[in-house]
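data08.txt follows (compact mmCIF, C-alpha atoms):
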# COMPACT_ATOMS: atom_id res chain seq x y z
CA MET A 1 81.27 75.10 82.23
CA ALA A 2 84.82 74.63 83.50
CA ASP A 3 86.38 77.13 85.87
CA LEU A 4 90.12 77.68 85.70
CA ARG A 5 91.94 80.02 88.06
CA ILE A 6 95.42 80.78 86.80
CA ASP A 7 97.89 82.46 89.15
CA ILE A 8 100.73 83.86 87.06
CA ILE A 9 103.94 84.37 89.02
CA SER A 10 105.95 86.81 86.96
CA ASP A 11 107.98 89.99 86.82
CA VAL A 12 107.41 92.86 84.41
CA VAL A 13 111.11 92.90 83.45
CA CYS A 14 111.11 89.18 82.66
CA PRO A 15 110.89 88.74 78.87
CA TRP A 16 109.80 85.11 79.21
CA SER A 17 106.92 86.23 81.42
CA TYR A 18 105.81 88.49 78.55
CA LEU A 19 106.21 85.68 76.02
CA GLY A 20 104.54 83.20 78.34
CA TYR A 21 101.41 85.29 78.79
CA THR A 22 101.22 85.99 75.05
CA ARG A 23 101.28 82.27 74.33
CA LEU A 24 98.92 81.43 77.20
CA LYS A 25 96.43 84.00 75.89
CA GLN A 26 96.53 82.35 72.46
CA ALA A 27 95.64 79.04 74.12
CA ILE A 28 92.86 80.61 76.20
CA ASP A 29 91.36 82.18 73.08
CA GLN A 30 91.01 78.69 71.60
CA LEU A 31 89.14 77.29 74.60
CA GLY A 32 85.80 78.84 73.72
CA ASP A 33 82.87 79.90 75.87
CA ASP A 34 82.70 76.72 77.93
CA TYR A 35 85.56 77.92 80.11
CA ARG A 36 85.63 80.65 82.75
CA ILE A 37 89.19 81.90 83.20
CA ASP A 38 90.25 83.88 86.27
CA ILE A 39 93.79 85.24 85.88
CA ARG A 40 95.57 86.60 88.93
CA TRP A 41 99.04 88.14 88.81
CA GLN A 42 101.47 87.29 91.59
CA PRO A 43 104.77 89.10 92.27
CA PHE A 44 108.20 87.74 91.51
CA GLU A 45 111.47 89.70 91.58
CA LEU A 46 113.76 88.61 88.77
CA HIS A 47 116.52 90.90 90.02
CA PRO A 48 115.83 91.47 93.74
CA ASP A 49 119.29 92.96 94.31
CA ILE A 50 118.74 95.95 92.05
CA SER A 51 118.77 99.29 93.85
CA PRO A 52 115.53 101.29 94.14
CA GLU A 53 116.92 103.72 91.54
CA GLY A 54 117.53 100.91 89.04
CA GLU A 55 120.72 100.17 87.13
CA ASP A 56 122.13 100.35 83.63
CA ARG A 57 120.71 97.32 81.81
CA GLU A 58 123.74 96.50 79.72
CA SER A 59 126.23 96.71 82.59
CA TYR A 60 124.06 94.72 84.97
CA LEU A 61 123.19 91.94 82.54
CA THR A 62 126.74 91.68 81.18
CA LYS A 63 127.80 90.71 84.70
CA ARG A 64 124.95 88.19 84.89
CA PHE A 65 125.74 86.62 81.51
CA GLY A 66 129.50 86.69 82.00
CA SER A 67 130.37 88.69 78.89
CA GLN A 68 129.04 91.26 76.45
CA GLU A 69 129.13 88.64 73.68
CA ARG A 70 126.88 86.24 75.59
CA LEU A 71 124.45 89.04 76.40
CA ASN A 72 124.33 90.07 72.73
CA GLU A 73 123.65 86.48 71.66
CA ALA A 74 120.85 86.10 74.21
CA THR A 75 119.36 89.46 73.23
CA HIS A 76 119.34 88.58 69.54
CA ALA A 77 117.76 85.17 70.22
CA LEU A 78 115.10 86.82 72.38
CA GLN A 79 114.29 89.35 69.67
CA GLN A 80 113.82 86.55 67.14
CA VAL A 81 111.47 84.66 69.46
CA GLY A 82 109.61 87.91 70.06
CA ILE A 83 109.07 88.45 66.33
CA GLU A 84 107.63 84.93 66.05
CA ASN A 85 105.13 85.77 68.80
CA GLY A 86 104.19 89.29 67.74
CA ILE A 87 106.30 91.04 70.39
CA THR A 88 108.86 93.73 69.60
CA PHE A 89 111.82 93.64 71.96
CA ASN A 90 113.82 96.85 71.61
CA PHE A 91 117.02 97.38 73.56
CA SER A 92 119.49 100.25 73.55
CA GLU A 93 122.60 101.29 75.45
CA LYS A 94 120.52 103.81 77.40
CA ASP A 95 118.06 101.27 78.84
CA ARG A 96 117.55 101.10 82.59
CA LEU A 97 116.76 97.91 84.46
CA PRO A 98 114.39 99.00 87.22
CA ASN A 99 113.66 97.67 90.66
CA THR A 100 110.10 96.35 90.21
CA LYS A 101 108.81 96.35 93.79
CA LEU A 102 106.73 99.49 93.26
CA ALA A 103 105.42 98.14 89.94
CA HIS A 104 104.15 95.09 91.82
CA GLN A 105 102.41 97.40 94.29
CA PHE A 106 100.71 99.10 91.33
CA ILE A 107 99.66 95.70 89.96
CA LEU A 108 98.21 94.83 93.38
CA ALA A 109 96.23 98.08 93.33
CA ALA A 110 95.07 97.37 89.76
CA SER A 111 93.86 93.92 90.78
CA LYS A 112 91.43 95.50 93.23
CA VAL A 113 89.65 97.22 90.33
CA ASP A 114 89.99 94.37 87.80
CA LEU A 115 92.68 96.11 85.78
CA ALA A 116 95.72 93.98 86.62
CA THR A 117 96.06 92.34 83.20
CA PRO A 118 95.80 95.61 81.23
CA LEU A 119 98.36 97.18 83.56
CA VAL A 120 100.81 94.28 83.33
CA LEU A 121 100.58 94.27 79.52
CA ALA A 122 101.09 98.03 79.42
CA LEU A 123 104.15 97.71 81.67
CA PHE A 124 105.59 94.93 79.49
CA HIS A 125 105.11 97.09 76.39
CA ALA A 126 106.55 100.19 78.04
CA HIS A 127 109.65 98.38 79.25
CA PHE A 128 110.44 96.04 76.39
CA THR A 129 109.17 97.90 73.32
CA LEU A 130 109.29 101.57 74.26
CA GLY A 131 112.38 101.37 76.49
CA GLN A 132 110.73 103.37 79.28
CA ASP A 133 111.88 103.28 82.90
CA ILE A 134 108.99 101.62 84.73
CA GLY A 135 110.76 102.04 88.04
CA LYS A 136 109.93 105.74 88.09
CA LYS A 137 106.84 106.88 89.98
CA ALA A 138 105.83 109.36 87.29
CA LYS A 139 106.01 106.71 84.56
CA LEU A 140 104.06 104.16 86.64
CA GLU A 141 101.37 106.76 87.32
CA GLU A 142 101.17 107.72 83.65
CA ILE A 143 100.75 104.11 82.58
CA ALA A 144 98.24 103.38 85.35
CA LEU A 145 96.07 106.33 84.34
CA SER A 146 96.28 105.33 80.67
CA ILE A 147 94.63 101.96 81.36
CA GLY A 148 91.83 103.39 83.49
CA MET A 149 93.12 103.40 87.05
CA GLN A 150 91.99 106.30 89.22
CA ASP A 151 93.97 108.56 91.55
CA ASN A 152 92.74 106.69 94.64
CA ASP A 153 93.92 103.39 93.11
CA ILE A 154 97.36 104.92 92.61
CA GLN A 155 97.44 106.24 96.16
CA TYR A 156 96.71 102.72 97.44
CA ALA A 157 99.80 101.47 95.58
CA TYR A 158 101.95 103.83 97.65
CA GLN A 159 100.54 102.75 101.00
CA GLU A 160 102.59 100.73 103.48
CA LYS A 161 99.80 98.15 103.37
CA ALA A 162 100.42 97.51 99.67
CA LEU A 163 104.16 97.09 100.24
CA THR A 164 103.51 94.69 103.12
CA ILE A 165 101.14 92.55 101.03
CA VAL A 166 103.57 92.38 98.11
CA ASN A 167 106.45 91.41 100.41
CA LYS A 168 104.34 88.69 102.05
CA LYS A 169 103.33 87.31 98.66
CA ILE A 170 106.95 87.20 97.49
CA ALA A 171 108.05 85.49 100.71
CA ARG A 172 105.23 82.94 100.50
CA LEU A 173 106.06 82.02 96.92
CA LYS A 174 109.72 81.58 97.88
CA SER A 175 108.62 79.27 100.69
CA LEU A 176 106.85 77.14 98.07
CA ASP A 177 110.17 76.82 96.20
CA ILE A 178 108.97 78.90 93.27
CA THR A 179 112.31 80.22 92.08
CA SER A 180 111.70 81.10 88.44
CA ALA A 181 109.37 83.12 86.27
CA PRO A 182 107.03 82.59 84.68
CA THR A 183 105.37 79.98 86.85
CA TYR A 184 101.67 79.20 86.62
CA VAL A 185 99.57 77.70 89.40
CA ILE A 186 96.23 76.44 88.10
CA ASN A 187 93.29 75.89 90.44
CA ASP A 188 95.69 75.97 93.41
CA GLN A 189 96.81 72.43 92.50
CA TYR A 190 98.79 72.25 89.29
CA MET A 191 102.10 74.03 88.79
CA VAL A 192 103.50 74.76 85.33
CA HIS A 193 106.91 76.34 84.72
CA GLY A 194 108.06 78.27 81.68
CA ALA A 195 106.79 79.94 78.52
CA HIS A 196 105.31 76.93 76.71
CA ASN A 197 103.98 77.22 73.18
CA PRO A 198 100.22 77.77 72.73
CA GLU A 199 99.58 74.13 71.78
CA ALA A 200 101.22 72.86 74.97
CA PHE A 201 99.29 75.38 77.08
CA LEU A 202 96.04 74.35 75.39
CA LYS A 203 96.64 70.69 76.20
CA ILE A 204 97.53 71.53 79.81
CA LEU A 205 94.36 73.57 80.27
CA HIS A 206 92.19 70.90 78.65
CA ASP A 207 93.70 68.18 80.82
CA ILE A 208 93.20 70.15 84.02
CA ALA A 209 89.64 71.15 83.05
CA ASN A 210 88.77 67.48 82.52
CA LYS A 211 89.90 66.76 86.09
CA THR A 212 87.91 69.66 87.53
CA PRO A 213 84.22 69.40 88.51
CA THR A 214 82.07 71.54 86.23
CA ALA A 215 79.62 74.16 87.51

Could you render the structure as structure tokens?
Amino acid sequence: MADLRIDIISDVVCPWSYLGYTRLKQAIDQLGDDYRIDIRWQPFELHPDISPEGEDRESYLTKRFGSQERLNEATHALQQVGIENGITFNFSEKDRLPNTKLAHQFILAASKVDLATPLVLALFHAHFTLGQDIGKKAKLEEIALSIGMQDNDIQYAYQEKALTIVNKKIARLKSLDITSAPTYVINDQYMVHGAHNPEAFLKILHDIANKTPTA
């Protein structure tokens, strides 16, 4: 039996984090019962300068990409990759790009009750497919309740303690020169960057498992 702990450094508004997990999950599903996988989600802010109220997606990203044409090209390419991986990326002129700090606090709260992965996937789907504003408290609460979190879990997400922990995690990851998402840290030793295809992930996991003492 091989144990693999996978820390996923990601942001819920990062499309490649969504693609990366989808592909990683395909690889994990091929590993079989001889592997115990412990996935832990770690916070990363793709757009740390966004105001707490969020910003218009198109305006913000047009500035980042340099032109509307470049943004449109990148969006179309992303949608095609999404189709190939079973993900529907929907974008409209009304979309908001949220500040994700509070979402990370909700993910921290979800991790305490073993619901982090369902919450992250629900947030990905809400943002990218449904076009919902996951920076709003009411929307975060609705999604959290839909995946089984309780009121006390939600209240923990609002506590100063949760904010402090998230900020410390973000600062620590920056100190380790982790500057992009998704990044995967496996068994606290091996760092993998980017949304690799399932075959590449499978090879990486096999190789690391063969170097790890079995239980």

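Comparing A:Gly54, A:Gly32, A:Pro43, A:Pro48 by their smallest distance to A:Phe106, the closest is A:Pro43 (using only C-alpha atoms).
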
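With distances restricted to all atoms listed in the file, A:Asn90 is the closest residue to A:Thr129 from A:Thr22, A:Asn90, A:Thr179, A:Gln79.
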
Check your understanding: Counting all atoms listed in the file, which of A:Leu176, A:Ala181, A:Ala126, A:Ala209 gets nearest to A:Ser10?
Key -> A:Ala181

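Counting only C-alpha atoms, A:Thr75 has the following residues at most 12 Å away, ignoring those fewer than 4 positions along the same chain: Pro15, Arg57, Glu58, Leu61, Thr62, Phe65, Gln68, Glu69, Arg70, Leu71, Gln79, Gln80, Val81, Gly82, Thr88, Phe89, Asn90, Phe91, Ser92 and Phe128 of chain A.
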
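Proximity ranking of A:Val166, A:Leu119, A:Leu130, A:Leu173 relative to A:Met149 places A:Leu119 first, based on all atoms listed in the file.
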
Point to revise | Atom pair atom CA of A:Glu53 / atom CA of A:Asp95: separation (Å) | key: 13.0 Å

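If you measure from each of A:Val185, A:Val12, A:Ile170, A:Ala27 to A:Ile107 using only C-alpha atoms, the closest one turns out to be A:Val12.
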
Review point. Which of these residues is nearest to A:Ile9, using all atoms listed in the file: A:Lys174, A:Lys139, A:Lys63, A:His76?
Key: A:Lys174

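Across the structure, atom CA of A:Leu19 and atom CA of A:Asn85 are spaced 7.3 Å apart.
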
Practice item. For A:Leu163, work out the shell of residues within 12 Å, counting all atoms listed in the file and skipping chain neighbours fewer than 2 positions away, then give it as a ChimeraX atom specification. Key: /A:43,100-109,156-161,165-170

Check your understanding: Just how far from atom CA of A:Ser17 is atom CA of A:Asp207, in Å to one decimal?
Key -> 22.4 Å

Exercise for review: Name the residues in contact with A:Asp56 at a cut-off of 6 Å, using all atoms listed in the file, excluding same-chain residues fewer than 2 positions from it; report them as a ChimeraX atom specification.
Suggested key: /A:58-59,96-97
